[in-house]
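Undergrad: You'll find protein-v2.txt just under this line, and it carries compact mmCIF, C-alpha atoms.
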# COMPACT_ATOMS: atom_id res chain seq x y z
CA MET A 224 77.10 73.04 96.40
CA ASN A 225 79.38 76.09 96.53
CA GLN A 226 83.06 75.30 96.93
CA ARG A 227 84.59 76.05 100.31
CA LEU A 228 87.25 78.73 100.68
CA SER A 229 90.21 78.46 103.06
CA ILE A 230 92.13 81.67 103.70
CA VAL A 231 95.50 81.34 105.44
CA LEU A 232 96.65 84.41 107.39
CA PRO A 233 100.15 84.16 108.89
CA VAL A 234 100.31 86.22 112.09
CA TYR A 235 103.62 87.55 113.38
CA ASN A 236 103.63 90.04 116.29
CA GLN A 237 100.33 91.59 115.19
CA ALA A 238 98.45 91.71 118.49
CA ASP A 239 97.83 95.44 118.12
CA HIS A 240 95.95 95.26 114.81
CA ILE A 241 95.01 91.70 113.78
CA GLY A 242 91.61 91.85 115.51
CA PRO A 243 90.02 94.60 113.37
CA ILE A 244 91.52 93.10 110.20
CA VAL A 245 90.03 89.65 110.80
CA GLU A 246 86.68 91.13 111.81
CA GLU A 247 86.61 93.10 108.56
CA TYR A 248 87.44 89.98 106.55
CA VAL A 249 84.77 87.88 108.26
CA HIS A 250 82.07 90.47 107.61
CA ALA A 251 83.18 90.97 103.99
CA PHE A 252 82.84 87.25 103.25
CA GLU A 253 79.34 87.10 104.71
CA ASN A 254 78.23 88.45 101.33
CA VAL A 255 80.09 85.73 99.40
CA GLN A 256 78.09 82.62 98.53
CA ASN A 257 81.00 80.25 99.11
CA PRO A 258 81.45 79.10 102.72
CA CYS A 259 84.74 80.28 104.13
CA GLU A 260 87.24 79.52 106.90
CA PHE A 261 90.09 81.72 108.11
CA LEU A 262 93.21 80.06 109.48
CA LEU A 263 95.26 82.37 111.69
CA VAL A 264 98.75 80.88 111.78
CA VAL A 265 100.45 82.41 114.81
CA ASN A 266 104.17 81.81 114.30
CA GLY A 267 107.14 82.71 116.45
CA CYS A 268 105.34 85.63 118.11
CA ARG A 269 106.78 87.50 121.06
CA ASP A 270 103.65 89.50 121.83
CA ALA A 271 100.03 88.67 122.71
CA SER A 272 99.05 87.59 119.18
CA LEU A 273 98.13 84.05 120.21
CA GLY A 274 95.69 85.24 122.87
CA VAL A 275 94.13 87.76 120.51
CA CYS A 276 93.72 85.13 117.78
CA ASN A 277 92.22 82.59 120.20
CA ALA A 278 89.69 85.23 121.25
CA LEU A 279 88.83 85.85 117.59
CA ALA A 280 88.26 82.11 117.09
CA GLU A 281 85.86 82.09 120.04
CA ARG A 282 84.02 85.10 118.67
CA PHE A 283 83.78 84.10 114.99
CA SER A 284 82.95 80.53 114.00
CA PRO A 285 84.79 80.67 110.63
CA VAL A 286 88.08 81.45 112.40
CA ARG A 287 90.58 78.76 113.39
CA VAL A 288 94.00 79.11 114.99
CA VAL A 289 97.18 77.21 114.13
CA HIS A 290 100.08 77.81 116.50
CA SER A 291 103.77 77.34 115.73
CA GLU A 292 106.59 78.12 118.13
CA ARG A 293 108.83 78.57 115.11
CA GLY A 294 108.59 81.65 112.93
CA GLY A 295 108.84 82.05 109.19
CA TRP A 296 106.52 83.33 106.47
CA GLY A 297 106.87 80.20 104.37
CA LEU A 298 106.49 77.88 107.35
CA ALA A 299 103.30 79.67 108.42
CA VAL A 300 101.89 79.44 104.89
CA ARG A 301 102.68 75.74 104.67
CA LEU A 302 101.19 74.96 108.09
CA GLY A 303 98.04 76.85 107.20
CA LEU A 304 97.64 75.11 103.85
CA GLU A 305 98.17 71.72 105.48
CA ALA A 306 95.42 72.48 108.01
CA ALA A 307 93.00 73.93 105.45
CA THR A 308 89.83 72.03 104.58
CA GLY A 309 88.66 74.11 101.62
CA ASP A 310 88.37 73.34 97.91
CA ILE A 311 89.92 76.71 97.06
CA LEU A 312 92.98 77.82 99.03
CA CYS A 313 94.41 81.26 99.61
CA TYR A 314 97.23 82.84 101.57
CA THR A 315 97.92 86.51 102.07
CA ASN A 316 99.76 89.12 104.10
CA SER A 317 96.96 90.44 106.29
CA ALA A 318 98.87 93.62 107.19
CA ARG A 319 98.76 94.73 103.55
CA THR A 320 95.56 93.18 102.19
CA SER A 321 92.22 94.96 102.21
CA ALA A 322 88.99 93.01 102.57
CA ARG A 323 87.91 94.26 99.16
CA ASP A 324 91.04 92.92 97.45
CA LEU A 325 90.81 89.61 99.29
CA VAL A 326 87.23 89.06 98.15
CA LEU A 327 88.11 90.14 94.60
CA LEU A 328 91.00 87.68 94.26
CA THR A 329 89.04 84.75 95.68
CA LEU A 330 86.14 85.40 93.31
CA TYR A 331 88.60 85.43 90.41
CA ALA A 332 89.71 81.96 91.54
CA VAL A 333 86.12 80.69 91.80
CA ALA A 334 85.57 81.79 88.19
CA ASN A 335 88.86 80.33 86.89
CA PRO A 336 89.26 76.67 87.93
CA GLY A 337 92.75 75.32 87.37
CA ALA A 338 94.40 78.74 87.36
CA ALA A 339 96.64 80.27 89.99
CA ILE A 340 95.46 83.77 90.87
CA LYS A 341 97.79 86.35 92.37
CA ALA A 342 97.84 90.06 93.05
CA HIS A 343 100.07 92.48 91.21
CA ARG A 344 100.65 95.55 93.36
CA ARG A 345 100.70 98.99 91.81
CA SER A 346 103.07 100.13 94.51
CA ARG A 347 103.26 103.53 96.17
CA GLU A 348 106.30 102.64 98.28
CA SER A 349 109.57 104.54 98.55
CA PHE A 350 112.10 104.59 95.71
CA THR A 351 114.54 102.44 97.73
CA ARG A 352 111.96 99.70 98.32
CA ARG A 353 110.82 99.81 94.69
CA ALA A 354 114.43 99.50 93.51
CA GLY A 355 115.09 96.55 95.81
CA SER A 356 111.90 94.87 94.66
CA PHE A 357 112.81 95.46 91.01
CA LEU A 358 116.22 93.81 91.47
CA TYR A 359 114.74 90.77 93.21
CA ASN A 360 112.01 90.33 90.62
CA PHE A 361 114.52 90.75 87.78
CA GLU A 362 116.68 88.04 89.35
CA CYS A 363 113.70 85.69 89.66
CA ARG A 364 112.61 86.34 86.07
CA VAL A 365 116.08 85.35 84.87
CA LEU A 366 116.66 82.39 87.20
CA PHE A 367 113.20 80.81 86.94
CA ASP A 368 111.99 82.17 83.58
CA LEU A 369 108.96 83.80 85.18
CA PRO A 370 106.85 86.51 83.51
CA THR A 371 105.99 88.58 86.59
CA TRP A 372 107.43 91.74 88.14
CA ASP A 373 105.83 91.14 91.55
CA ILE A 374 106.76 87.68 92.84
CA ASN A 375 105.88 88.30 96.50
CA ALA A 376 102.48 89.96 96.01
CA THR A 377 99.53 88.43 97.80
CA PRO A 378 96.78 87.28 97.92
CA LYS A 379 97.60 84.08 96.07
CA VAL A 380 94.58 81.82 95.41
CA PHE A 381 94.41 78.36 93.82
CA TYR A 382 92.36 75.17 93.77
CA ARG A 383 93.25 72.27 96.04
CA ASP A 384 94.01 69.91 93.17
CA LEU A 385 96.78 72.28 92.02
CA TYR A 386 98.15 72.64 95.55
CA GLU A 387 98.30 68.86 96.01
CA LYS A 388 100.60 68.59 92.98
CA MET A 389 102.97 71.26 94.27
CA ALA A 390 106.08 70.48 96.30
CA PHE A 391 106.89 73.25 98.76
CA THR A 392 110.22 73.19 100.59
CA GLN A 393 110.75 76.76 101.77
CA ASP A 394 110.06 78.03 105.30
CA GLY A 395 110.98 81.66 104.65
CA ASP A 396 110.24 84.39 102.12
CA LEU A 397 111.26 82.24 99.15
CA ILE A 398 108.00 80.30 99.28
CA ASP A 399 106.47 82.93 96.98
CA VAL A 400 108.93 82.37 94.16
CA GLU A 401 108.67 78.62 94.79
CA PHE A 402 104.89 78.87 94.42
CA TYR A 403 105.27 80.64 91.08
CA ALA A 404 107.91 78.18 89.86
CA GLU A 405 105.76 75.20 90.84
CA ALA A 406 102.72 76.62 89.04
CA LYS A 407 104.88 77.07 85.94
CA ARG A 408 106.24 73.52 86.24
CA LEU A 409 102.68 72.21 86.31
CA ASP A 410 101.65 74.38 83.33
CA ALA A 411 98.97 76.06 85.42
CA PRO A 412 97.71 79.39 84.03
CA ILE A 413 98.78 82.27 86.26
CA LEU A 414 96.42 85.24 86.29
CA GLU A 415 97.65 88.47 87.85
CA VAL A 416 95.07 90.93 89.17
CA PRO A 417 96.27 94.53 89.67
CA ILE A 418 95.67 96.03 93.10
CA TYR A 419 96.74 99.41 94.41
CA SER A 420 98.69 98.92 97.61
CA LYS A 421 98.14 101.42 100.40
CA ALA A 422 99.61 101.94 103.86
CA ARG A 423 99.97 98.90 106.09
CA HIS A 424 97.16 98.13 108.53
CA GLY A 425 99.75 97.95 111.28
CA GLY A 426 103.15 96.70 112.27
CA ALA A 427 106.31 97.31 110.29
CA SER A 428 107.94 95.56 107.37
CA THR A 429 110.66 93.09 108.38
CA THR A 430 112.51 93.61 105.10
CA ASN A 431 115.90 95.31 105.41
CA PHE A 432 119.23 95.17 103.56
CA ARG A 433 120.26 91.99 105.36
CA SER A 434 116.99 90.17 104.69
CA ALA A 435 117.01 91.42 101.09
CA TYR A 436 120.50 89.97 100.59
CA ARG A 437 119.29 86.63 102.02
CA MET A 438 116.45 86.64 99.48
CA TYR A 439 118.77 87.42 96.56
CA ALA A 440 121.21 84.67 97.59
CA GLY A 441 118.41 82.29 98.49
CA ALA A 442 116.73 82.66 95.09
CA TRP A 443 120.02 81.72 93.40
CA ARG A 444 120.43 78.64 95.63
CA LEU A 445 116.80 77.60 95.10
CA ALA A 446 117.15 77.87 91.32
CA ARG A 447 120.34 75.80 91.43
CA ALA A 448 118.67 73.12 93.62
CA ARG A 449 115.66 72.90 91.30
CA ARG A 450 117.89 72.49 88.27
CA ALA A 451 119.82 69.76 90.03
CA ARG A 452 116.59 67.88 90.85
CA GLU A 453 115.35 68.21 87.30
CA ALA A 454 118.68 67.00 85.91
CA GLY A 455 118.75 64.04 88.31
Can you present the structure in this file as structure tokens?
TA:
Amino acid sequence: MNQRLSIVLPVYNQADHIGPIVEEYVHAFENVQNPCEFLLVVNGCRDASLGVCNALAERFSPVRVVHSERGGWGLAVRLGLEAATGDILCYTNSARTSARDLVLLTLYAVANPGAAIKAHRRSRESFTRRAGSFLYNFECRVLFDLPTWDINATPKVFYRDLYEKMAFTQDGDLIDVEFYAEAKRLDAPILEVPIYSKARHGGASTTNFRSAYRMYAGAWRLARARRAREAG
């Protein structure tokens, strides 16, 4: 029997574009042999995202909705993974992930049991955003001894048995570096698949100088906390 896929899609104020994205994903996975479910995690939204997602769940049987009054990328990922029923788990930023790339990354995971699969974006963003990303990734490489230059890239795909050994604590953007650090702690192979990022499907990035500073400071605190746990 083909292993079941669970794809977690955090939704934050995306009422104006989440419908076509999910429809494209559902149709793309109709050609994949593995059965699939999509978990739309509506978190802290101030628009009509919940209603749109509920309508998608009524329209497409593979779609389920998880609702959280609280917001947070990491919280939404964790809630979705907790609700997932699949053998292979995935989470991704739907606003920046094409159906083609999502299928590609999940098929890499099917073919590589035990490995953690993640995207590596060949970015076409502005110089300022590339510079900020470089600084954050450099910090994470130093603090956590990680070999990547694109910590936050999604999709990220992994088998359930790996997920069940991981210990996630982060409710915000730091869940991505925590994911990578946990995979390293467990000696899980990490395979990076290059993708060429294009314009967003919709919405606007929530990253700014203030949020970037929180990530830089947060990564330092997370590294310190992990070292303290390991020492204790």
Undergrad: Mind dumping a table of every region 262-331 of chain A residue within 9 Å of region 246-249 of chain A, with the nearest atom pair and its distance in Å to one decimal, using all atoms listed in the file, sorted by chain and rising number, as a tab-separated table?
TA:
residue	atom	partner	partner_atom	distance
A:Leu279	CA	A:Glu246	CA	8.1
A:Phe283	CA	A:Val249	CA	7.8
A:Pro285	CA	A:Val249	CA	7.6
A:Val286	CA	A:Val249	CA	8.3
A:Ser321	CA	A:Tyr248	CA	8.2
A:Ala322	CA	A:Tyr248	CA	5.2
A:Arg323	CA	A:Tyr248	CA	8.6
A:Leu325	CA	A:Tyr248	CA	8.0
A:Val326	CA	A:Tyr248	CA	8.5
Undergrad: CA of Ala406 (chain A) and CA of Met389 (chain A) are how many Å apart?
TA: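 CA of Met389 (chain A) lies 7.5 Å from CA of Ala406 (chain A).
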Undergrad: So that I can see what lies close to region 299-302 of chain A, please list as a ChimeraX atom specification the residues with an atom at most 9 Å from it, counting all atoms listed in the file and leaving out residues fewer than 5 positions away in the same chain.
TA: /A:231-234,264-266,289-291,293-294,307,314-315,391-395,398
Undergrad: Would you mind reading off the distance between CA of Cys276 (chain A) and CA of Ala238 (chain A), one decimal, in Å?
TA: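 Going from CA of Cys276 (chain A) over to CA of Ala238 (chain A), I get 8.1 Å.
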Undergrad: Pick from A:Leu327, A:Glu362, A:Ile418, A:Cys259: nearest to Arg344 (chain A), with only C-alpha atoms counted?
TA: A:Ile418
Undergrad: With distances taken over only C-alpha atoms, which residue among A:Met438, A:Leu409, A:Val255, A:Ala338 lies nearest Tyr382 (chain A)?
TA: A:Ala338
Undergrad: Give as a list of chain:residue names every residue, naming chains and numbers as the document does, that has an atom within 10 Å of (105.5, 89.5, 97.3), counting all atoms listed in the file.
TA: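 Returned residue set, sorted by chain then number, is A:Thr315, A:Asn316, A:Lys341, A:Ala342, A:His343, A:Arg344, A:Ser356, A:Asn360, A:Trp372, A:Asp373, A:Ile374, A:Asn375, A:Ala376, A:Thr377, A:Pro378, A:Lys379, A:Asp396, A:Leu397, A:Ile398, A:Asp399, A:Val400.
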Undergrad: Measure the distance from CA of Ala251 (chain A) to CA of Gly295 (chain A) in Å and round it to one decimal.
TA: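 Interatomic distance, CA of Ala251 (chain A) to CA of Gly295 (chain A): 27.7 Å.
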Undergrad: Can you find the residues with an atom no farther than 9 Å from (95.1, 81.8, 83.8), counting only C-alpha atoms, and report them as a PDB file with C-alpha atoms, keeping the file's coordinate frame?
TA:
ATOM      1  CA  ASN A 335      88.860  80.330  86.890  1.00  0.00           C
ATOM      2  CA  PRO A 336      89.260  76.670  87.930  1.00  0.00           C
ATOM      3  CA  GLY A 337      92.750  75.320  87.370  1.00  0.00           C
ATOM      4  CA  ALA A 338      94.400  78.740  87.360  1.00  0.00           C
ATOM      5  CA  ALA A 339      96.640  80.270  89.990  1.00  0.00           C
ATOM      6  CA  ILE A 340      95.460  83.770  90.870  1.00  0.00           C
ATOM      7  CA  ALA A 411      98.970  76.060  85.420  1.00  0.00           C
ATOM      8  CA  PRO A 412      97.710  79.390  84.030  1.00  0.00           C
ATOM      9  CA  ILE A 413      98.780  82.270  86.260  1.00  0.00           C
ATOM     10  CA  LEU A 414      96.420  85.240  86.290  1.00  0.00           C
ATOM     11  CA  GLU A 415      97.650  88.470  87.850  1.00  0.00           C
TER      12      GLU A 415
END
Undergrad: Counting only C-alpha atoms, which of A:Ala354, A:Leu369, A:Val288, A:Ile311 gets nearest to Arg383 (chain A)?
TA: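 Going through A:Ala354, A:Leu369, A:Val288, A:Ile311 one by one, the smallest distance to Arg383 (chain A) is for A:Ile311.
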Undergrad: Closest to Arg450 (chain A) among A:Tyr386, A:Tyr359, A:Phe367, A:Phe402, using only C-alpha atoms?
TA: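 Going through A:Tyr386, A:Tyr359, A:Phe367, A:Phe402 one by one, the smallest distance to Arg450 (chain A) is for A:Phe367.
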Undergrad: With distances taken over all atoms listed in the file, which of A:Cys363, A:Asp368, A:His240, A:Gln226 is nearest to Arg444 (chain A)?
TA: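 Under the stated criterion, the closest residue is A:Cys363.
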Undergrad: May I ask which of the residues A:Thr329, A:Thr320, A:Thr371, A:Asn225 is the closest one to Phe252 (chain A), counting only C-alpha atoms?
TA: A:Thr329
